[in-house]
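Each remark here refers to the structure printed beneath this line.
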Amino acid sequence: DAGITQSPRHKVTETGTPVTLRCHQTENHRYMYWYRQDPGHGLRLIHYSYGVKDTDKGEVSDGYSVSRSKTEDFLLTLESATSSQTSVYFCAISEGGLQETQYFGPGTRLLVL
Amino acid sequence: NEVEQSPQNLTAQEGEFITINCSYSVGISALHWLQQHPGGGIVSLFMLSSGKKKHGRLIATINIQEKHSSLHITASHPRDSAVYICAVTYNTDKLIFGTGTRLQVFP
């Protein structure tokens, strides 16, 4: 299994508070991704990174920011959490871009009250 | 929707041959099949851009002209119970996921 961890695994927070989710990899893969998964929707890409300090927006990036200061860590921040951001968040990594196999982390379940 | 899967839900008896279908409407550079376990973990099964791939009891095929892919499971087993997700890469930087097919295999 690819070495990908996410923290925290579960979080409950209140509307308006900032939240940061962490993805850590030990595979030295160049690309890292953040997805959200909601009932009735497929996985949707929030942001991705193609290198240290290199990031780009995905399909549902509004309300989220990311940072990657080291190859192994990719942070997702909700600046001011809203109830619509209640979701399960998955991190993924790949050696190349979206045309290559992705390896997923275990997910973080976030509840915004 | 750019990616449609069928059926949405599928039940089978152990040992049956199972087919899950994925149709897409855009020109793609790759198609992915993923498996999501009941506990939530996601595993990549196949990534293909043409032809057919086989891994154990799983076979994935793609027909680029028809914009269609199938995932087959031979000799199904209860441990195959999961959600199977199709996703397509297009424009090299877009990845669109289907909503998944929930499979339950009973002993």
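Just so we're on the same page: first chain in the structure tokens is A, next is B, and so on; residues restart at 1 for each chain, and ligands are numbered from 1 in the order they show up.
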Could you name the residues that touch B:Val26 at 10 Å or less, counting only C-alpha atoms, but leaving out those on the same chain fewer than 2 positions away, as a PDB file with C-alpha atoms, in the first residue's frame?
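Written out: result_22.pdb:
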ATOM      1  CA  GLU B   2     -20.042  13.271 -18.419  1.00  0.00           C
ATOM      2  CA  VAL B   3     -19.693   9.872 -16.749  1.00  0.00           C
ATOM      3  CA  SER B  23     -20.250   5.413 -20.468  1.00  0.00           C
ATOM      4  CA  TYR B  24     -18.719   8.810 -20.987  1.00  0.00           C
ATOM      5  CA  ILE B  28     -10.551  10.968 -22.862  1.00  0.00           C
ATOM      6  CA  SER B  29      -6.905  10.163 -22.386  1.00  0.00           C
ATOM      7  CA  LYS B  67     -17.014   5.755 -25.332  1.00  0.00           C
ATOM      8  CA  VAL B  88     -12.183   9.568 -16.843  1.00  0.00           C
ATOM      9  CA  THR B  89      -9.247  11.874 -17.493  1.00  0.00           C
ATOM     10  CA  TYR B  90      -9.694  14.416 -20.260  1.00  0.00           C
ATOM     11  CA  ASN B  91      -7.753  17.461 -21.361  1.00  0.00           C
TER      12      ASN B  91
END
Would you mind listing what lies within 8 Å of B:Leu34 as a PyMOL selection string, with only C-alpha atoms counted and same-chain residues fewer than 3 positions away left out?
-> chain B and resi 42-46+84-87
If you count only C-alpha atoms, the residue of B:Thr19, B:Gln8, B:Asn63, B:Ser76 closest to chain A turns out to be B:Gln8
Just need the residues of chain B within 8 Å of chain A, counting only C-alpha atoms, so spit them out as an NGL selection string.
-> :B and (29-30 or 32 or 40-44 or 46-47 or 89 or 92-100)
Would you mind exporting N, CA and C atoms of the selected residues as a compact mmCIF listing (two decimals), in the first residue's frame?
# COMPACT_ATOMS: atom_id res chain seq x y z
N SER B 29 -8.25 10.70 -22.24
CA SER B 29 -6.91 10.16 -22.39
C SER B 29 -6.69 8.94 -21.50
N ALA B 30 -7.56 8.76 -20.51
CA ALA B 30 -7.44 7.58 -19.64
C ALA B 30 -8.75 7.35 -18.93
N HIS B 32 -10.28 5.19 -15.46
CA HIS B 32 -9.87 4.53 -14.22
C HIS B 32 -11.05 3.77 -13.62
N GLY B 40 -14.80 2.64 3.57
CA GLY B 40 -14.53 3.95 2.98
C GLY B 40 -13.25 4.06 2.19
N GLY B 41 -12.31 3.12 2.39
CA GLY B 41 -11.04 3.22 1.69
C GLY B 41 -11.21 3.03 0.19
N ILE B 42 -10.40 3.75 -0.60
CA ILE B 42 -10.48 3.71 -2.06
C ILE B 42 -9.20 3.13 -2.62
N VAL B 43 -9.36 2.16 -3.51
CA VAL B 43 -8.22 1.50 -4.14
C VAL B 43 -8.37 1.61 -5.65
N SER B 44 -7.29 1.93 -6.31
CA SER B 44 -7.29 1.98 -7.76
C SER B 44 -7.13 0.57 -8.29
N PHE B 46 -7.73 -0.34 -11.96
CA PHE B 46 -7.19 -0.29 -13.31
C PHE B 46 -7.11 1.15 -13.79
N MET B 47 -6.13 1.37 -14.66
CA MET B 47 -6.08 2.58 -15.45
C MET B 47 -5.78 2.13 -16.87
N THR B 89 -10.15 10.73 -17.37
CA THR B 89 -9.25 11.87 -17.49
C THR B 89 -9.42 12.46 -18.89
N THR B 92 -6.10 16.21 -20.13
CA THR B 92 -4.94 15.88 -19.28
C THR B 92 -5.02 16.43 -17.87
N ASP B 93 -5.88 17.42 -17.62
CA ASP B 93 -5.92 18.00 -16.28
C ASP B 93 -7.32 17.99 -15.67
N LYS B 94 -8.20 17.19 -16.23
CA LYS B 94 -9.56 17.09 -15.68
C LYS B 94 -9.84 15.62 -15.39
N LEU B 95 -10.35 15.36 -14.23
CA LEU B 95 -10.71 14.00 -13.85
C LEU B 95 -12.13 14.03 -13.32
N ILE B 96 -13.02 13.32 -14.01
CA ILE B 96 -14.44 13.31 -13.65
C ILE B 96 -14.80 11.90 -13.20
N PHE B 97 -15.47 11.83 -12.04
CA PHE B 97 -15.85 10.54 -11.47
C PHE B 97 -17.33 10.26 -11.69
N GLY B 98 -17.66 8.99 -11.91
CA GLY B 98 -19.05 8.57 -11.84
C GLY B 98 -19.48 8.46 -10.39
N THR B 99 -20.76 8.24 -10.19
CA THR B 99 -21.29 8.18 -8.83
C THR B 99 -21.19 6.77 -8.23
N GLY B 100 -20.73 5.82 -9.02
CA GLY B 100 -20.45 4.51 -8.46
C GLY B 100 -21.57 3.49 -8.64
Just the residues within 10 Å of B:His68, please, counting only C-alpha atoms, with nothing from its chain fewer than 3 positions along; format it as a PyMOL selection string.
-> chain B and resi 3-5+21-25+31+61-65
Mind dumping the selected residues with all heavy atoms as a CSV table (one decimal), in the first residue's frame?
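After the write, again-v1.csv holds the following:
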chain,number,residue,atom,x,y,z
B,3,VAL,N,-20.0,11.3,-17.0
B,3,VAL,CA,-19.7,9.9,-16.7
B,3,VAL,C,-20.9,9.2,-16.1
B,3,VAL,O,-21.4,9.7,-15.1
B,3,VAL,CB,-18.5,9.7,-15.8
B,3,VAL,CG1,-18.2,8.3,-15.5
B,3,VAL,CG2,-17.3,10.4,-16.4
B,4,GLU,N,-21.4,8.2,-16.8
B,4,GLU,CA,-22.6,7.5,-16.3
B,4,GLU,C,-22.2,6.0,-16.0
B,4,GLU,O,-21.7,5.4,-16.9
B,4,GLU,CB,-23.7,7.6,-17.3
B,4,GLU,CG,-24.3,8.9,-17.6
B,4,GLU,CD,-25.3,9.4,-16.6
B,4,GLU,OE1,-25.6,8.6,-15.7
B,4,GLU,OE2,-25.9,10.5,-16.8
B,5,GLN,N,-22.6,5.5,-14.9
B,5,GLN,CA,-22.4,4.1,-14.6
B,5,GLN,C,-23.8,3.4,-14.5
B,5,GLN,O,-24.8,4.0,-14.1
B,5,GLN,CB,-21.7,4.0,-13.2
B,5,GLN,CG,-20.2,4.4,-13.3
B,5,GLN,CD,-19.5,4.1,-12.0
B,5,GLN,OE1,-18.9,5.0,-11.4
B,5,GLN,NE2,-19.5,2.9,-11.6
B,21,ASN,N,-21.0,-1.3,-16.0
B,21,ASN,CA,-20.7,-0.5,-17.2
B,21,ASN,C,-20.5,1.0,-16.9
B,21,ASN,O,-21.0,1.5,-15.9
B,21,ASN,CB,-21.9,-0.6,-18.2
B,21,ASN,CG,-22.2,-2.0,-18.6
B,21,ASN,OD1,-21.3,-2.6,-19.3
B,21,ASN,ND2,-23.3,-2.6,-18.3
B,22,CYS,N,-19.7,1.6,-17.8
B,22,CYS,CA,-19.4,3.0,-17.7
B,22,CYS,C,-19.4,3.6,-19.1
B,22,CYS,O,-18.7,3.2,-19.9
B,22,CYS,CB,-18.0,3.2,-17.0
B,22,CYS,SG,-17.4,4.9,-16.9
B,23,SER,N,-20.2,4.7,-19.2
B,23,SER,CA,-20.2,5.4,-20.5
B,23,SER,C,-19.8,6.9,-20.2
B,23,SER,O,-20.2,7.4,-19.1
B,23,SER,CB,-21.7,5.4,-21.1
B,23,SER,OG,-22.0,4.1,-21.4
B,24,TYR,N,-19.2,7.4,-21.2
B,24,TYR,CA,-18.7,8.8,-21.0
B,24,TYR,C,-19.0,9.6,-22.3
B,24,TYR,O,-19.1,9.0,-23.3
B,24,TYR,CB,-17.3,8.8,-20.6
B,24,TYR,CG,-16.3,8.0,-21.4
B,24,TYR,CD1,-15.7,8.6,-22.5
B,24,TYR,CD2,-16.1,6.7,-21.2
B,24,TYR,CE1,-14.9,7.9,-23.4
B,24,TYR,CE2,-15.3,6.0,-22.0
B,24,TYR,CZ,-14.7,6.5,-23.1
B,24,TYR,OH,-13.8,5.8,-23.9
B,25,SER,N,-19.0,10.9,-22.1
B,25,SER,CA,-19.4,11.7,-23.3
B,25,SER,C,-18.3,12.6,-23.8
B,25,SER,O,-18.5,13.3,-24.8
B,25,SER,CB,-20.6,12.6,-22.9
B,25,SER,OG,-20.3,13.4,-21.8
B,31,LEU,N,-9.0,6.1,-18.6
B,31,LEU,CA,-10.2,5.7,-17.8
B,31,LEU,C,-9.7,4.9,-16.6
B,31,LEU,O,-8.8,4.1,-16.7
B,31,LEU,CB,-11.2,4.9,-18.6
B,31,LEU,CG,-12.5,4.6,-18.0
B,31,LEU,CD1,-13.7,4.7,-18.9
B,31,LEU,CD2,-12.4,3.2,-17.4
B,61,THR,N,-12.3,-3.6,-19.7
B,61,THR,CA,-12.2,-3.3,-21.1
B,61,THR,C,-12.7,-1.9,-21.5
B,61,THR,O,-13.4,-1.3,-20.7
B,61,THR,CB,-13.1,-4.3,-21.9
B,61,THR,OG1,-14.5,-4.1,-21.6
B,61,THR,CG2,-12.8,-5.8,-21.6
B,62,ILE,N,-12.2,-1.4,-22.6
B,62,ILE,CA,-12.6,-0.1,-23.0
B,62,ILE,C,-12.7,-0.1,-24.5
B,62,ILE,O,-11.9,-0.7,-25.2
B,62,ILE,CB,-11.6,1.0,-22.5
B,62,ILE,CG1,-12.2,2.4,-22.8
B,62,ILE,CG2,-10.2,0.8,-23.1
B,62,ILE,CD1,-11.4,3.5,-22.2
B,63,ASN,N,-13.8,0.6,-25.0
B,63,ASN,CA,-14.0,0.8,-26.4
B,63,ASN,C,-14.0,2.3,-26.6
B,63,ASN,O,-15.0,3.0,-26.3
B,63,ASN,CB,-15.3,0.2,-26.9
B,63,ASN,CG,-15.6,0.3,-28.3
B,63,ASN,OD1,-15.3,1.3,-29.0
B,63,ASN,ND2,-16.1,-0.8,-28.9
B,64,ILE,N,-12.9,2.8,-27.2
B,64,ILE,CA,-12.8,4.3,-27.3
B,64,ILE,C,-13.8,4.8,-28.3
B,64,ILE,O,-14.4,5.9,-28.0
B,64,ILE,CB,-11.4,4.6,-27.8
B,64,ILE,CG1,-10.3,4.2,-26.7
B,64,ILE,CG2,-11.2,6.1,-28.1
B,64,ILE,CD1,-10.4,5.0,-25.4
B,65,GLN,N,-14.1,4.1,-29.4
B,65,GLN,CA,-15.0,4.6,-30.4
B,65,GLN,C,-16.4,4.7,-29.8
B,65,GLN,O,-17.1,5.7,-30.1
B,65,GLN,CB,-15.0,3.7,-31.6
B,65,GLN,CG,-13.8,3.8,-32.5
B,65,GLN,CD,-12.6,3.1,-31.9
B,65,GLN,OE1,-12.7,2.2,-31.1
B,65,GLN,NE2,-11.4,3.6,-32.2
Go through B:Arg79, B:Leu10, B:Ile20, B:Leu103 and flag the residue nearest B:Ile59, using only C-alpha atoms for the distances.
->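 Nearest to B:Ile59: B:Ile20.
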Looking only at the backbone, which of the residues in chain A does DSSP tag as strand (DSSP E), as a ChimeraX atom specification?
-> /A:4-7,10-13,19-25,31-37,44-51,54-57,64-70,73-78,87-94,103-104,108-112
Near-stretch 108-111 of chain A list (9 Å; only C-alpha atoms; drop same-chain fewer than 5 positions) as a ChimeraX atom specification = /A:6-14,21,83,85-91
A:Thr55 environment, 9 Å, only C-alpha atoms, sequence neighbours closer than 6 positions dropped, as an NGL selection string | :A and (47-49 or 66-68)
Length of the atom CA of A:Glu79 to atom CA of A:Lys57 vector [Å] |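 So the two atoms, atom CA of A:Glu79 and atom CA of A:Lys57, lie 15.7 Å apart.
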